[in-house]
file target_29.cif (mmCIF, C-alpha atoms)
data_data
loop_
_atom_site.label_atom_id
_atom_site.label_comp_id
_atom_site.auth_asym_id
_atom_site.auth_seq_id
_atom_site.Cartn_x
_atom_site.Cartn_y
_atom_site.Cartn_z
CA MET A 1 -25.88 10.13 -7.68
CA THR A 2 -27.74 10.53 -4.39
CA HIS A 3 -30.82 12.70 -4.50
CA PRO A 4 -30.78 15.59 -1.94
CA ARG A 5 -33.93 14.25 -0.25
CA GLU A 6 -32.25 10.87 0.22
CA LEU A 7 -29.19 12.57 1.73
CA ARG A 8 -31.37 14.60 4.13
CA ARG A 9 -33.23 11.43 5.15
CA SER A 10 -29.91 9.63 5.63
CA LEU A 11 -28.61 12.45 7.85
CA ALA A 12 -31.86 12.43 9.85
CA ASP A 13 -31.76 8.64 10.27
CA CYS A 14 -28.15 8.66 11.56
CA PRO A 15 -27.74 11.86 13.61
CA LEU A 16 -24.57 10.69 15.40
CA GLN A 17 -22.82 9.90 12.13
CA ALA A 18 -24.03 13.17 10.61
CA SER A 19 -22.67 15.10 13.61
CA LYS A 20 -19.38 13.22 13.44
CA LEU A 21 -19.11 13.88 9.72
CA ILE A 22 -19.68 17.61 10.21
CA GLY A 23 -17.11 17.71 13.05
CA ILE A 24 -14.55 15.80 10.99
CA CYS A 25 -15.02 18.06 7.98
CA LEU A 26 -14.79 21.22 10.09
CA GLY A 27 -11.64 19.92 11.83
CA LEU A 28 -9.99 19.03 8.54
CA LEU A 29 -11.02 22.30 6.92
CA GLY A 30 -9.74 24.30 9.91
CA GLY A 31 -6.43 22.48 9.86
CA VAL A 32 -5.96 22.85 6.11
CA ALA A 33 -7.09 26.50 6.15
CA GLY A 34 -4.61 27.27 8.94
CA PHE A 35 -1.84 25.37 7.20
CA LEU A 36 -2.38 27.20 3.91
CA GLY A 37 -2.63 30.56 5.63
CA VAL A 38 -6.29 31.20 4.83
CA VAL A 39 -6.91 31.58 8.58
CA GLY A 40 -4.23 33.18 10.74
CA PRO A 41 -1.07 35.05 9.80
CA GLY A 42 0.17 33.16 6.74
CA GLY A 43 1.22 29.60 6.06
CA VAL A 44 3.09 27.38 8.47
CA ASP A 45 6.80 27.94 8.92
CA LEU A 46 8.91 28.62 12.00
CA SER A 47 8.45 32.39 11.90
CA SER A 48 4.67 32.17 11.44
CA ILE A 49 4.40 29.73 14.35
CA ALA A 50 6.27 32.25 16.47
CA GLU A 51 3.70 34.86 15.36
CA GLY A 52 0.81 32.64 16.49
CA ALA A 53 -0.12 30.57 13.44
CA ILE A 54 -0.63 27.45 15.48
CA LEU A 55 -4.19 26.68 14.36
CA PRO A 56 -3.30 23.68 12.17
CA LEU A 57 -0.97 22.37 14.85
CA VAL A 58 -3.76 22.40 17.43
CA VAL A 59 -7.02 21.81 15.57
CA VAL A 60 -6.30 18.44 13.98
CA PRO A 61 -4.87 16.74 17.11
CA LEU A 62 -7.58 18.16 19.39
CA VAL A 63 -10.45 17.25 17.08
CA GLY A 64 -8.84 13.84 16.57
CA ALA A 65 -8.55 13.25 20.33
CA ALA A 66 -12.15 14.32 20.94
CA LEU A 67 -13.30 12.12 18.09
CA ALA A 68 -11.33 9.18 19.48
CA GLY A 69 -13.24 9.50 22.74
CA VAL A 70 -16.52 9.49 20.84
CA VAL A 71 -15.43 6.45 18.82
CA VAL A 72 -14.47 4.52 21.96
CA LEU A 73 -17.82 5.27 23.62
CA GLU A 74 -19.68 4.44 20.42
CA THR A 75 -17.81 1.13 20.11
CA LEU A 76 -18.59 0.19 23.71
CA HIS A 77 -22.27 1.02 23.17
CA SER A 78 -22.53 -0.95 19.93
CA SER A 79 -20.69 -3.91 21.49
CA TYR A 80 -23.19 -3.91 24.35
CA ARG A 81 -26.07 -3.84 21.86
CA ALA A 82 -24.49 -6.65 19.82
CA PHE A 83 -24.18 -8.89 22.88
CA ARG A 84 -27.79 -8.20 23.87
CA ALA A 85 -29.17 -8.87 20.38
CA GLU A 86 -31.08 -12.05 19.61
CA THR A 87 -28.79 -13.02 16.73
CA THR A 88 -25.35 -14.39 17.43
CA ILE A 89 -22.26 -12.21 17.24
CA ARG A 90 -20.91 -14.41 14.44
CA ARG A 91 -24.07 -13.94 12.38
CA GLN A 92 -23.97 -10.17 12.87
CA VAL A 93 -20.33 -10.03 11.75
CA VAL A 94 -20.90 -12.27 8.73
CA ASP A 95 -23.97 -10.31 7.61
CA ARG A 96 -22.05 -7.00 7.58
CA ALA A 97 -18.43 -8.02 7.12
CA GLY A 98 -17.30 -4.82 5.33
CA TYR A 99 -18.96 -2.54 7.84
CA THR A 100 -17.60 -4.56 10.77
CA LEU A 101 -14.10 -4.34 9.31
CA LEU A 102 -14.37 -0.55 8.93
CA ARG A 103 -15.70 -0.22 12.45
CA ALA A 104 -12.85 -2.36 13.83
CA ILE A 105 -10.26 -0.31 11.93
CA GLU A 106 -11.75 2.94 13.22
CA ALA A 107 -11.78 1.66 16.81
CA ALA A 108 -8.21 0.34 16.55
CA VAL A 109 -6.94 3.65 15.11
CA ALA A 110 -8.78 5.63 17.81
CA VAL A 111 -7.53 3.51 20.71
CA GLY A 112 -4.05 3.28 19.21
CA GLY A 113 -3.98 7.05 18.73
CA LEU A 114 -4.99 7.66 22.33
CA VAL A 115 -2.30 5.25 23.54
CA VAL A 116 0.36 6.94 21.39
CA VAL A 117 -0.61 10.39 22.72
CA TRP A 118 -0.64 9.10 26.31
CA ARG A 119 2.82 7.56 25.90
CA LEU A 120 4.10 10.73 24.26
CA VAL A 121 2.78 12.98 27.00
CA SER A 122 4.16 10.72 29.72
CA LYS A 123 7.62 10.93 28.13
CA LEU A 124 7.39 14.72 27.79
CA ALA A 125 6.66 15.03 31.49
CA ASN A 126 10.24 13.93 32.23
CA GLY A 127 11.65 17.35 31.38
CA PRO A 128 12.42 19.82 28.61
CA ILE A 129 13.06 18.59 25.09
CA PRO A 130 15.18 20.09 22.31
CA SER A 131 13.35 22.10 19.63
CA THR A 132 13.98 19.50 16.93
CA ALA A 133 12.29 16.89 19.09
CA GLY A 134 9.42 19.34 19.59
CA VAL A 135 8.89 19.46 15.83
CA ASP A 136 8.78 15.66 15.79
CA VAL A 137 6.25 15.68 18.64
CA VAL A 138 3.98 18.10 16.79
CA SER A 139 4.36 16.09 13.57
CA GLY A 140 3.44 12.93 15.45
CA LEU A 141 0.38 14.56 16.97
CA LEU A 142 -0.70 15.79 13.53
CA ALA A 143 -0.26 12.28 12.11
CA VAL A 144 -2.23 10.66 14.93
CA GLY A 145 -5.02 13.24 14.72
CA GLY A 146 -5.13 13.00 10.93
CA GLY A 147 -5.27 9.20 11.07
CA ILE A 148 -8.16 9.26 13.52
CA LEU A 149 -10.00 11.82 11.38
CA ALA A 150 -9.41 9.80 8.19
CA ALA A 151 -10.61 6.50 9.70
CA SER A 152 -13.69 8.14 11.19
CA LEU A 153 -14.45 10.01 7.98
CA LEU A 154 -14.36 6.76 6.02
CA ARG A 155 -16.67 4.95 8.43
CA SER A 156 -19.09 7.87 8.82
CA VAL A 157 -19.51 8.23 5.07
CA TYR A 158 -19.92 4.47 4.67
CA GLU A 159 -22.44 4.26 7.51
CA LEU A 160 -24.50 7.13 6.13
CA TRP A 161 -24.47 5.46 2.71
CA TYR A 162 -25.12 1.93 4.02
CA PHE A 163 -27.72 2.57 6.77
CA GLY A 164 -29.17 5.94 5.81
CA GLY A 165 -32.31 6.35 3.80
#
call {"tool": "encode", "arguments": {"input": "target_29.cif", "output": "C-alpha cells"}}
result
Amino acid sequence: MTHPRELRRSLADCPLQASKLIGICLGLLGGVAGFLGVVGPGGVDLSSIAEGAILPLVVVPLVGAALAGVVVLETLHSSYRAFRAETTIRRQVVDRAGYTLLRAIEAAVAVGGLVVVWRLVSKLANGPIPSTAGVDVVSGLLAVGGGILAASLLRSVYELWYFGG
C-alpha cells in the first residue's frame, strides 16, 4: 500500500498527470452522478432528458474531447523530447516497453476518438436525422468519450505509480 507522503510526492513530481487524473475522475463522477440521478432531475430516460437531465450525455463526451486534445499535445511534446534525447528511440522504447505501449494505446484512442467525432459531426451537418439515429449518435459520443477517459485514466495512474516518488 502506498504511503500518503509517497502519493503526495508522486502528485507533486507529475503535476500534468495529477491534473489529468483529477479531471478524468471528476468527468466520470459527473457523468455517473447525472446518469444515476444524483445530480439533475432523476435518472436518464426519455422523459428526464426532455426535462433537462442531459448532464451525463454532455459531460463524458466533452471531457473526453478536451482530454483527447491534451493527450495529442502531450504526445507531440514527448515525441519531440524523445527525438532530441541522447539515447536512441529504440533504446527508449525497449527500456520502458509497458509504458510505451500504454502511451501508444492512449494516443491511438484519443486520435481515433477525435476522428470518429469529426466524421460524425460532418455527417450530421447534411440535415436532420430521425430521433432513433439521434439516440445512436449520443450513445456513440458516450462510448468515444468513455473510451478516451478510460485509456487516459489507465495511463495516468500507471505514470503516477511508475514515475512518481
call {"tool": "residues_around", "arguments": {"input": "target_29.cif", "residues": "A:Arg103", "least_positions_apart": "4", "cutoff": "12 Å", "atoms": "only C-alpha atoms", "output": "JSON, numbers by chain"}}
result
{"A": [71, 72, 74, 75, 76, 78, 79, 93, 96, 97, 98, 99, 107, 108, 109, 110, 151, 152, 153, 154, 155, 156, 157, 158, 159]}
call {"tool": "atom_distance", "arguments": {"input": "target_29.cif", "atom1": "atom CA of A:Ile24", "atom2": "atom CA of A:Ala143"}}
result
14.8 Å
call {"tool": "residues_around", "arguments": {"input": "target_29.cif", "residues": "A:Leu142", "least_positions_apart": "3", "cutoff": "7 Å", "atoms": "all atoms listed in the file", "output": "MDAnalysis selection string"}}
result
chainID A and resid 57 60:61 138:139 145:146
call {"tool": "write_last_selection", "arguments": {"input": "target_29.cif", "atoms": "C-alpha atoms", "output": "compact mmCIF listing (two decimals), in the coordinates of the input"}}
result
# COMPACT_ATOMS: atom_id res chain seq x y z
CA LEU A 57 -0.97 22.37 14.85
CA VAL A 60 -6.30 18.44 13.98
CA PRO A 61 -4.87 16.74 17.11
CA VAL A 138 3.98 18.10 16.79
CA SER A 139 4.36 16.09 13.57
CA GLY A 145 -5.02 13.24 14.72
CA GLY A 146 -5.13 13.00 10.93
call {"tool": "closest_residue", "arguments": {"input": "target_29.cif", "among": "A:Ile148, A:Ile22, A:Leu160, A:Val59", "to": "A:Gly112", "atoms": "all atoms listed in the file"}}
result
A:Ile148
call {"tool": "atom_distance", "arguments": {"input": "target_29.cif", "atom1": "atom CA of A:Ala18", "atom2": "atom CA of A:Ala68"}}
result
16.0 Å
call {"tool": "atom_distance", "arguments": {"input": "target_29.cif", "atom1": "atom CA of A:Thr100", "atom2": "atom CA of A:Phe163"}}
result
13.0 Å
call {"tool": "decode", "arguments": {"input": "target_29.cif", "residues": "stretch 81-123 of chain A", "atoms": "N, CA and C atoms", "output": "short mmCIF file (atom, residue, chain, number, x, y, z; two decimals), in the first residue's frame"}}
result
data_model
loop_
_atom_site.label_atom_id
_atom_site.label_comp_id
_atom_site.auth_asym_id
_atom_site.auth_seq_id
_atom_site.Cartn_x
_atom_site.Cartn_y
_atom_site.Cartn_z
N ARG A 81 10.67 15.45 -27.43
CA ARG A 81 11.72 15.21 -26.44
C ARG A 81 12.45 13.90 -26.71
N ALA A 82 11.74 12.88 -27.16
CA ALA A 82 12.36 11.59 -27.44
C ALA A 82 13.35 11.69 -28.60
N PHE A 83 12.98 12.45 -29.63
CA PHE A 83 13.88 12.62 -30.77
C PHE A 83 15.11 13.45 -30.41
N ARG A 84 14.97 14.36 -29.47
CA ARG A 84 16.09 15.21 -29.07
C ARG A 84 16.98 14.57 -28.01
N ALA A 85 16.55 13.46 -27.44
CA ALA A 85 17.32 12.81 -26.37
C ALA A 85 18.59 12.18 -26.94
N GLU A 86 19.55 11.97 -26.05
CA GLU A 86 20.83 11.39 -26.46
C GLU A 86 20.72 9.90 -26.76
N THR A 87 19.81 9.20 -26.08
CA THR A 87 19.64 7.78 -26.35
C THR A 87 18.75 7.59 -27.58
N THR A 88 18.91 6.45 -28.21
CA THR A 88 18.13 6.19 -29.42
C THR A 88 16.66 5.93 -29.06
N ILE A 89 15.81 6.13 -30.06
CA ILE A 89 14.38 5.89 -29.86
C ILE A 89 14.17 4.41 -29.50
N ARG A 90 14.86 3.54 -30.17
CA ARG A 90 14.73 2.09 -29.92
C ARG A 90 15.06 1.77 -28.47
N ARG A 91 16.14 2.33 -27.97
CA ARG A 91 16.55 2.08 -26.59
C ARG A 91 15.50 2.61 -25.60
N GLN A 92 14.95 3.76 -25.88
CA GLN A 92 13.92 4.34 -25.01
C GLN A 92 12.67 3.46 -24.97
N VAL A 93 12.30 2.92 -26.13
CA VAL A 93 11.12 2.06 -26.21
C VAL A 93 11.37 0.74 -25.49
N VAL A 94 12.54 0.15 -25.70
CA VAL A 94 12.87 -1.13 -25.08
C VAL A 94 12.95 -0.99 -23.56
N ASP A 95 13.51 0.11 -23.09
CA ASP A 95 13.67 0.30 -21.64
C ASP A 95 12.33 0.43 -20.92
N ARG A 96 11.33 0.97 -21.59
CA ARG A 96 10.01 1.17 -20.96
C ARG A 96 8.91 0.66 -21.88
N ALA A 97 8.98 -0.61 -22.21
CA ALA A 97 8.05 -1.19 -23.19
C ALA A 97 6.59 -1.09 -22.73
N GLY A 98 6.30 -1.42 -21.48
CA GLY A 98 4.92 -1.37 -20.99
C GLY A 98 4.36 0.04 -21.01
N TYR A 99 5.16 0.98 -20.55
CA TYR A 99 4.73 2.37 -20.53
C TYR A 99 4.53 2.89 -21.95
N THR A 100 5.44 2.55 -22.84
CA THR A 100 5.32 2.99 -24.23
C THR A 100 4.06 2.41 -24.88
N LEU A 101 3.75 1.16 -24.56
CA LEU A 101 2.54 0.55 -25.10
C LEU A 101 1.29 1.28 -24.59
N LEU A 102 1.25 1.57 -23.29
CA LEU A 102 0.11 2.31 -22.74
C LEU A 102 -0.02 3.70 -23.36
N ARG A 103 1.10 4.35 -23.54
CA ARG A 103 1.08 5.69 -24.14
C ARG A 103 0.59 5.63 -25.58
N ALA A 104 1.03 4.61 -26.32
CA ALA A 104 0.58 4.46 -27.71
C ALA A 104 -0.92 4.15 -27.78
N ILE A 105 -1.40 3.31 -26.87
CA ILE A 105 -2.83 3.00 -26.84
C ILE A 105 -3.64 4.26 -26.53
N GLU A 106 -3.19 5.02 -25.53
CA GLU A 106 -3.89 6.25 -25.18
C GLU A 106 -3.93 7.23 -26.35
N ALA A 107 -2.80 7.40 -27.03
CA ALA A 107 -2.75 8.32 -28.17
C ALA A 107 -3.64 7.83 -29.31
N ALA A 108 -3.62 6.52 -29.57
CA ALA A 108 -4.45 5.97 -30.65
C ALA A 108 -5.93 6.13 -30.34
N VAL A 109 -6.33 5.89 -29.09
CA VAL A 109 -7.74 6.05 -28.70
C VAL A 109 -8.14 7.52 -28.80
N ALA A 110 -7.26 8.42 -28.36
CA ALA A 110 -7.58 9.86 -28.42
C ALA A 110 -7.73 10.34 -29.85
N VAL A 111 -6.77 10.01 -30.70
CA VAL A 111 -6.84 10.45 -32.10
C VAL A 111 -8.01 9.77 -32.80
N GLY A 112 -8.18 8.48 -32.56
CA GLY A 112 -9.30 7.76 -33.16
C GLY A 112 -10.63 8.33 -32.72
N GLY A 113 -10.74 8.69 -31.44
CA GLY A 113 -11.97 9.30 -30.94
C GLY A 113 -12.26 10.63 -31.59
N LEU A 114 -11.23 11.45 -31.75
CA LEU A 114 -11.42 12.74 -32.41
C LEU A 114 -11.84 12.56 -33.86
N VAL A 115 -11.26 11.58 -34.54
CA VAL A 115 -11.63 11.31 -35.94
C VAL A 115 -13.08 10.83 -36.03
N VAL A 116 -13.47 9.95 -35.12
CA VAL A 116 -14.86 9.46 -35.12
C VAL A 116 -15.83 10.61 -34.90
N VAL A 117 -15.55 11.48 -33.94
CA VAL A 117 -16.43 12.61 -33.67
C VAL A 117 -16.47 13.55 -34.87
N TRP A 118 -15.33 13.80 -35.49
CA TRP A 118 -15.28 14.68 -36.66
C TRP A 118 -16.12 14.09 -37.80
N ARG A 119 -15.98 12.79 -38.04
CA ARG A 119 -16.76 12.15 -39.10
C ARG A 119 -18.26 12.20 -38.78
N LEU A 120 -18.58 11.99 -37.52
CA LEU A 120 -19.98 12.01 -37.10
C LEU A 120 -20.59 13.39 -37.28
N VAL A 121 -19.87 14.40 -36.86
CA VAL A 121 -20.37 15.77 -36.99
C VAL A 121 -20.50 16.16 -38.45
N SER A 122 -19.55 15.75 -39.28
CA SER A 122 -19.64 16.09 -40.70
C SER A 122 -20.84 15.42 -41.36
N LYS A 123 -21.21 14.23 -40.92
CA LYS A 123 -22.40 13.57 -41.46
C LYS A 123 -23.68 14.21 -40.95
#
